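J.: Before anything else, here's the structure in question.
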Amino acid sequence: ATTEIYTLSLHDALPIFGIAIVLLMAVLVIGTKSNGARRWIVIAGQSIQPSEIAKIGVILTFATLICRYKNLMGTFKYGVMPFAVILIVIVGLLFLEPHLSASIIIIALGAIMMFIGGARLLWFIGGGLGVAGLFVLAITVLQYSSERISAWRDPFADTGDTGYQIVQSLYAIGSGGLFGLGLGQSRQKYLYLPEEHNDFIFSIISEELGFIGALLILTLFALLIVRGYWIAM
């Protein structure tokens, strides 16, 4: 039996990365504005979120560069500079939307890949301080980010506005009890809990299937993560 090893090249990664950049710029102009942010583009009746494409583009591009510079990842020129430029461009565009959560995810993905790829720990210390300063600035300057942090810390301080979604999700989880209201029997999903079909789907699961169902979902996710680590090792 023979085993084929497929190696990524820039011809594979750059088209997706380029599309992500174009869409991230386009969303700032033609994107649909919701809750003070422009994150979605409607194409042929279908809405897409460019930040999701950006995640794939960053992963593929980083993987390609790590393979290409695998023996030079300990240097600043090859192990830090190209990756930092990519992250600055992507995160800069995300901040203009603004999309703080996607920025955090992409920075974390990039840092993990660089670390596994062999970048020196010293660069992460300096980069971490820079990222921390950037997020402090964002929280201070951007009202949207500041409100999200305040709502996370104390959602009951403003239950009618910034804390509304979190409070309603807690009501959903609490009303589920131990065994839940029954599959499909959620009450919170009827105009009470916004984005119940995506961002707050776990709250609805907890309401319908209770603590037991929620624990089962978390167990499945844990098994998925363990399996991922096993494959990676």
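Going by the structure tokens order, chains are called A, B, ..., each with residues numbered from 1, while ligands are numbered from 1 in the order shown.
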Per DSSP on the backbone, what are the alpha helix (DSSP H) residues of region 75-233 of chain A, as a PDB file with C-alpha atoms, in the first residue's frame?
T.:
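Generated output (part00.pdb):
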```pdb
ATOM      1  CA  PHE A  76      12.082  37.013  13.336  1.00  0.00           C
ATOM      2  CA  LYS A  77      12.195  37.527   9.558  1.00  0.00           C
ATOM      3  CA  TYR A  78      10.538  34.226   8.662  1.00  0.00           C
ATOM      4  CA  GLY A  79       8.968  33.016  11.913  1.00  0.00           C
ATOM      5  CA  MET A  81       7.135  38.996  10.339  1.00  0.00           C
ATOM      6  CA  PRO A  82       4.954  37.419   7.601  1.00  0.00           C
ATOM      7  CA  PHE A  83       2.505  36.031  10.163  1.00  0.00           C
ATOM      8  CA  ALA A  84       2.295  39.340  12.022  1.00  0.00           C
ATOM      9  CA  VAL A  85       1.550  41.223   8.801  1.00  0.00           C
ATOM     10  CA  ILE A  86      -1.283  38.830   7.955  1.00  0.00           C
ATOM     11  CA  LEU A  87      -2.808  39.134  11.420  1.00  0.00           C
ATOM     12  CA  ILE A  88      -2.528  42.926  11.430  1.00  0.00           C
ATOM     13  CA  VAL A  89      -4.343  43.188   8.097  1.00  0.00           C
ATOM     14  CA  ILE A  90      -7.114  40.735   9.015  1.00  0.00           C
ATOM     15  CA  VAL A  91      -7.672  41.981  12.562  1.00  0.00           C
ATOM     16  CA  GLY A  92      -7.491  45.595  11.418  1.00  0.00           C
ATOM     17  CA  LEU A  93     -10.358  45.006   8.987  1.00  0.00           C
ATOM     18  CA  LEU A  94     -12.327  43.122  11.651  1.00  0.00           C
ATOM     19  CA  PHE A  95     -11.936  46.006  14.093  1.00  0.00           C
ATOM     20  CA  LEU A  96     -13.524  48.333  11.549  1.00  0.00           C
ATOM     21  CA  LEU A 100     -14.061  41.682  18.574  1.00  0.00           C
ATOM     22  CA  SER A 101     -14.844  37.985  19.091  1.00  0.00           C
ATOM     23  CA  ALA A 102     -13.649  36.998  15.606  1.00  0.00           C
ATOM     24  CA  SER A 103     -10.468  39.023  16.159  1.00  0.00           C
ATOM     25  CA  ILE A 104      -9.734  37.113  19.363  1.00  0.00           C
ATOM     26  CA  ILE A 105     -10.355  33.749  17.686  1.00  0.00           C
ATOM     27  CA  ILE A 106      -8.132  34.518  14.684  1.00  0.00           C
ATOM     28  CA  ILE A 107      -5.294  35.863  16.856  1.00  0.00           C
ATOM     29  CA  ALA A 108      -5.505  32.742  19.036  1.00  0.00           C
ATOM     30  CA  LEU A 109      -5.503  30.456  15.981  1.00  0.00           C
ATOM     31  CA  GLY A 110      -2.497  32.247  14.533  1.00  0.00           C
ATOM     32  CA  ALA A 111      -0.554  32.188  17.803  1.00  0.00           C
ATOM     33  CA  ILE A 112      -1.175  28.470  18.340  1.00  0.00           C
ATOM     34  CA  MET A 113      -0.069  27.609  14.807  1.00  0.00           C
ATOM     35  CA  MET A 114       3.058  29.746  15.108  1.00  0.00           C
ATOM     36  CA  PHE A 115       3.954  28.137  18.444  1.00  0.00           C
ATOM     37  CA  ILE A 116       3.493  24.609  17.108  1.00  0.00           C
ATOM     38  CA  GLY A 117       5.385  25.624  13.967  1.00  0.00           C
ATOM     39  CA  LEU A 121       8.585  31.890  22.928  1.00  0.00           C
ATOM     40  CA  LEU A 122      10.214  35.317  23.308  1.00  0.00           C
ATOM     41  CA  TRP A 123       8.228  36.687  20.376  1.00  0.00           C
ATOM     42  CA  PHE A 124       4.950  35.591  21.991  1.00  0.00           C
ATOM     43  CA  ILE A 125       5.688  37.593  25.127  1.00  0.00           C
ATOM     44  CA  GLY A 126       6.176  40.794  23.142  1.00  0.00           C
ATOM     45  CA  GLY A 127       3.256  40.023  20.850  1.00  0.00           C
ATOM     46  CA  GLY A 128       1.000  39.231  23.809  1.00  0.00           C
ATOM     47  CA  LEU A 129       1.711  42.607  25.381  1.00  0.00           C
ATOM     48  CA  GLY A 130       0.948  44.330  22.081  1.00  0.00           C
ATOM     49  CA  VAL A 131      -2.328  42.437  21.634  1.00  0.00           C
ATOM     50  CA  ALA A 132      -3.353  43.194  25.227  1.00  0.00           C
ATOM     51  CA  GLY A 133      -2.718  46.890  24.645  1.00  0.00           C
ATOM     52  CA  LEU A 134      -4.724  46.763  21.417  1.00  0.00           C
ATOM     53  CA  PHE A 135      -7.748  45.239  23.108  1.00  0.00           C
ATOM     54  CA  VAL A 136      -7.594  47.711  25.990  1.00  0.00           C
ATOM     55  CA  LEU A 137      -7.614  50.488  23.391  1.00  0.00           C
ATOM     56  CA  ALA A 138     -10.534  48.874  21.568  1.00  0.00           C
ATOM     57  CA  ILE A 139     -12.575  48.530  24.742  1.00  0.00           C
ATOM     58  CA  THR A 140     -11.809  52.126  25.664  1.00  0.00           C
ATOM     59  CA  VAL A 141     -12.444  53.711  22.268  1.00  0.00           C
ATOM     60  CA  GLN A 143     -18.456  51.963  22.466  1.00  0.00           C
ATOM     61  CA  TYR A 144     -19.742  48.667  21.058  1.00  0.00           C
ATOM     62  CA  SER A 145     -16.885  46.640  22.587  1.00  0.00           C
ATOM     63  CA  SER A 146     -17.147  48.490  25.890  1.00  0.00           C
ATOM     64  CA  GLU A 147     -20.862  47.733  26.125  1.00  0.00           C
ATOM     65  CA  ARG A 148     -20.299  44.052  25.354  1.00  0.00           C
ATOM     66  CA  ILE A 149     -17.720  43.766  28.156  1.00  0.00           C
ATOM     67  CA  SER A 150     -19.969  45.611  30.628  1.00  0.00           C
ATOM     68  CA  ALA A 151     -22.928  43.380  29.721  1.00  0.00           C
ATOM     69  CA  TRP A 152     -20.789  40.275  30.199  1.00  0.00           C
ATOM     70  CA  ARG A 153     -19.634  41.409  33.640  1.00  0.00           C
ATOM     71  CA  TYR A 164     -30.994  41.612  27.345  1.00  0.00           C
ATOM     72  CA  GLN A 165     -29.649  38.645  25.359  1.00  0.00           C
ATOM     73  CA  ILE A 166     -27.577  37.252  28.221  1.00  0.00           C
ATOM     74  CA  VAL A 167     -30.409  37.614  30.730  1.00  0.00           C
ATOM     75  CA  GLN A 168     -32.916  35.915  28.421  1.00  0.00           C
ATOM     76  CA  SER A 169     -30.459  33.064  27.802  1.00  0.00           C
ATOM     77  CA  LEU A 170     -30.057  32.581  31.561  1.00  0.00           C
ATOM     78  CA  TYR A 171     -33.840  32.449  31.919  1.00  0.00           C
ATOM     79  CA  ALA A 172     -33.918  29.733  29.242  1.00  0.00           C
ATOM     80  CA  ILE A 173     -31.218  27.663  30.930  1.00  0.00           C
ATOM     81  CA  GLY A 174     -32.807  28.052  34.354  1.00  0.00           C
ATOM     82  CA  SER A 175     -36.301  27.096  33.227  1.00  0.00           C
ATOM     83  CA  GLY A 176     -35.000  23.831  31.762  1.00  0.00           C
ATOM     84  CA  ILE A 201     -28.696  27.598  20.575  1.00  0.00           C
ATOM     85  CA  PHE A 202     -27.121  26.105  23.719  1.00  0.00           C
ATOM     86  CA  SER A 203     -29.604  28.038  25.862  1.00  0.00           C
ATOM     87  CA  ILE A 204     -32.509  26.534  23.918  1.00  0.00           C
ATOM     88  CA  ILE A 205     -30.998  23.047  24.206  1.00  0.00           C
ATOM     89  CA  SER A 206     -30.691  23.546  27.955  1.00  0.00           C
ATOM     90  CA  GLU A 207     -34.292  24.706  28.194  1.00  0.00           C
ATOM     91  CA  GLU A 208     -35.663  21.792  26.173  1.00  0.00           C
ATOM     92  CA  LEU A 209     -33.373  18.972  27.348  1.00  0.00           C
ATOM     93  CA  GLY A 210     -32.432  20.297  30.788  1.00  0.00           C
ATOM     94  CA  PHE A 211     -29.212  19.840  32.708  1.00  0.00           C
ATOM     95  CA  ILE A 212     -28.883  16.225  31.529  1.00  0.00           C
ATOM     96  CA  GLY A 213     -29.141  17.177  27.845  1.00  0.00           C
ATOM     97  CA  ALA A 214     -26.770  20.127  28.254  1.00  0.00           C
ATOM     98  CA  LEU A 215     -24.236  17.885  29.978  1.00  0.00           C
ATOM     99  CA  LEU A 216     -24.506  15.395  27.118  1.00  0.00           C
ATOM    100  CA  ILE A 217     -23.802  18.144  24.560  1.00  0.00           C
ATOM    101  CA  LEU A 218     -20.747  19.317  26.522  1.00  0.00           C
ATOM    102  CA  THR A 219     -19.528  15.717  26.764  1.00  0.00           C
ATOM    103  CA  LEU A 220     -19.808  15.294  22.992  1.00  0.00           C
ATOM    104  CA  PHE A 221     -17.804  18.482  22.452  1.00  0.00           C
ATOM    105  CA  ALA A 222     -15.172  17.252  24.922  1.00  0.00           C
ATOM    106  CA  LEU A 223     -14.897  13.957  23.032  1.00  0.00           C
ATOM    107  CA  LEU A 224     -14.559  15.862  19.749  1.00  0.00           C
ATOM    108  CA  ILE A 225     -11.693  17.932  21.205  1.00  0.00           C
ATOM    109  CA  VAL A 226      -9.980  14.825  22.600  1.00  0.00           C
ATOM    110  CA  ARG A 227     -10.307  13.133  19.213  1.00  0.00           C
ATOM    111  CA  GLY A 228      -8.796  16.183  17.535  1.00  0.00           C
ATOM    112  CA  TYR A 229      -5.812  16.123  19.882  1.00  0.00           C
ATOM    113  CA  TRP A 230      -5.412  12.373  19.311  1.00  0.00           C
ATOM    114  CA  ILE A 231      -5.332  12.843  15.513  1.00  0.00           C
ATOM    115  CA  ALA A 232      -2.884  15.758  15.841  1.00  0.00           C
TER     116      ALA A 232
END
```
J.: How close does region 101-161 of chain A get to region 61-75 of chain A? List, as CSV, each residue of region 101-161 of chain A within 7 Å, its nearest atom pair and the distance in Å to one decimal, counting only C-alpha atoms.
T.:
```
residue,atom,partner,partner_atom,distance
A:Gly117,CA,A:Ile66,CA,5.8
A:Gly118,CA,A:Met73,CA,5.4
A:Ala119,CA,A:Gly74,CA,4.9
A:Arg120,CA,A:Gly74,CA,5.4
```
J.: Can I get the selection written as a compact mmCIF listing (two decimals), in the first residue's frame, with C-alpha atoms?
T.:
```txt
# COMPACT_ATOMS: atom_id res chain seq x y z
CA GLY A 117 5.38 25.62 13.97
CA GLY A 118 8.47 26.50 16.02
CA ALA A 119 8.38 30.26 16.61
CA ARG A 120 10.42 31.34 19.64
```
J.: Calculate how many Å separate CA of Ala20 (chain A) from CA of Ser34 (chain A), rounding to one decimal.
T.: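 About the pair CA of Ala20 (chain A) and CA of Ser34 (chain A): they are 20.5 Å apart.
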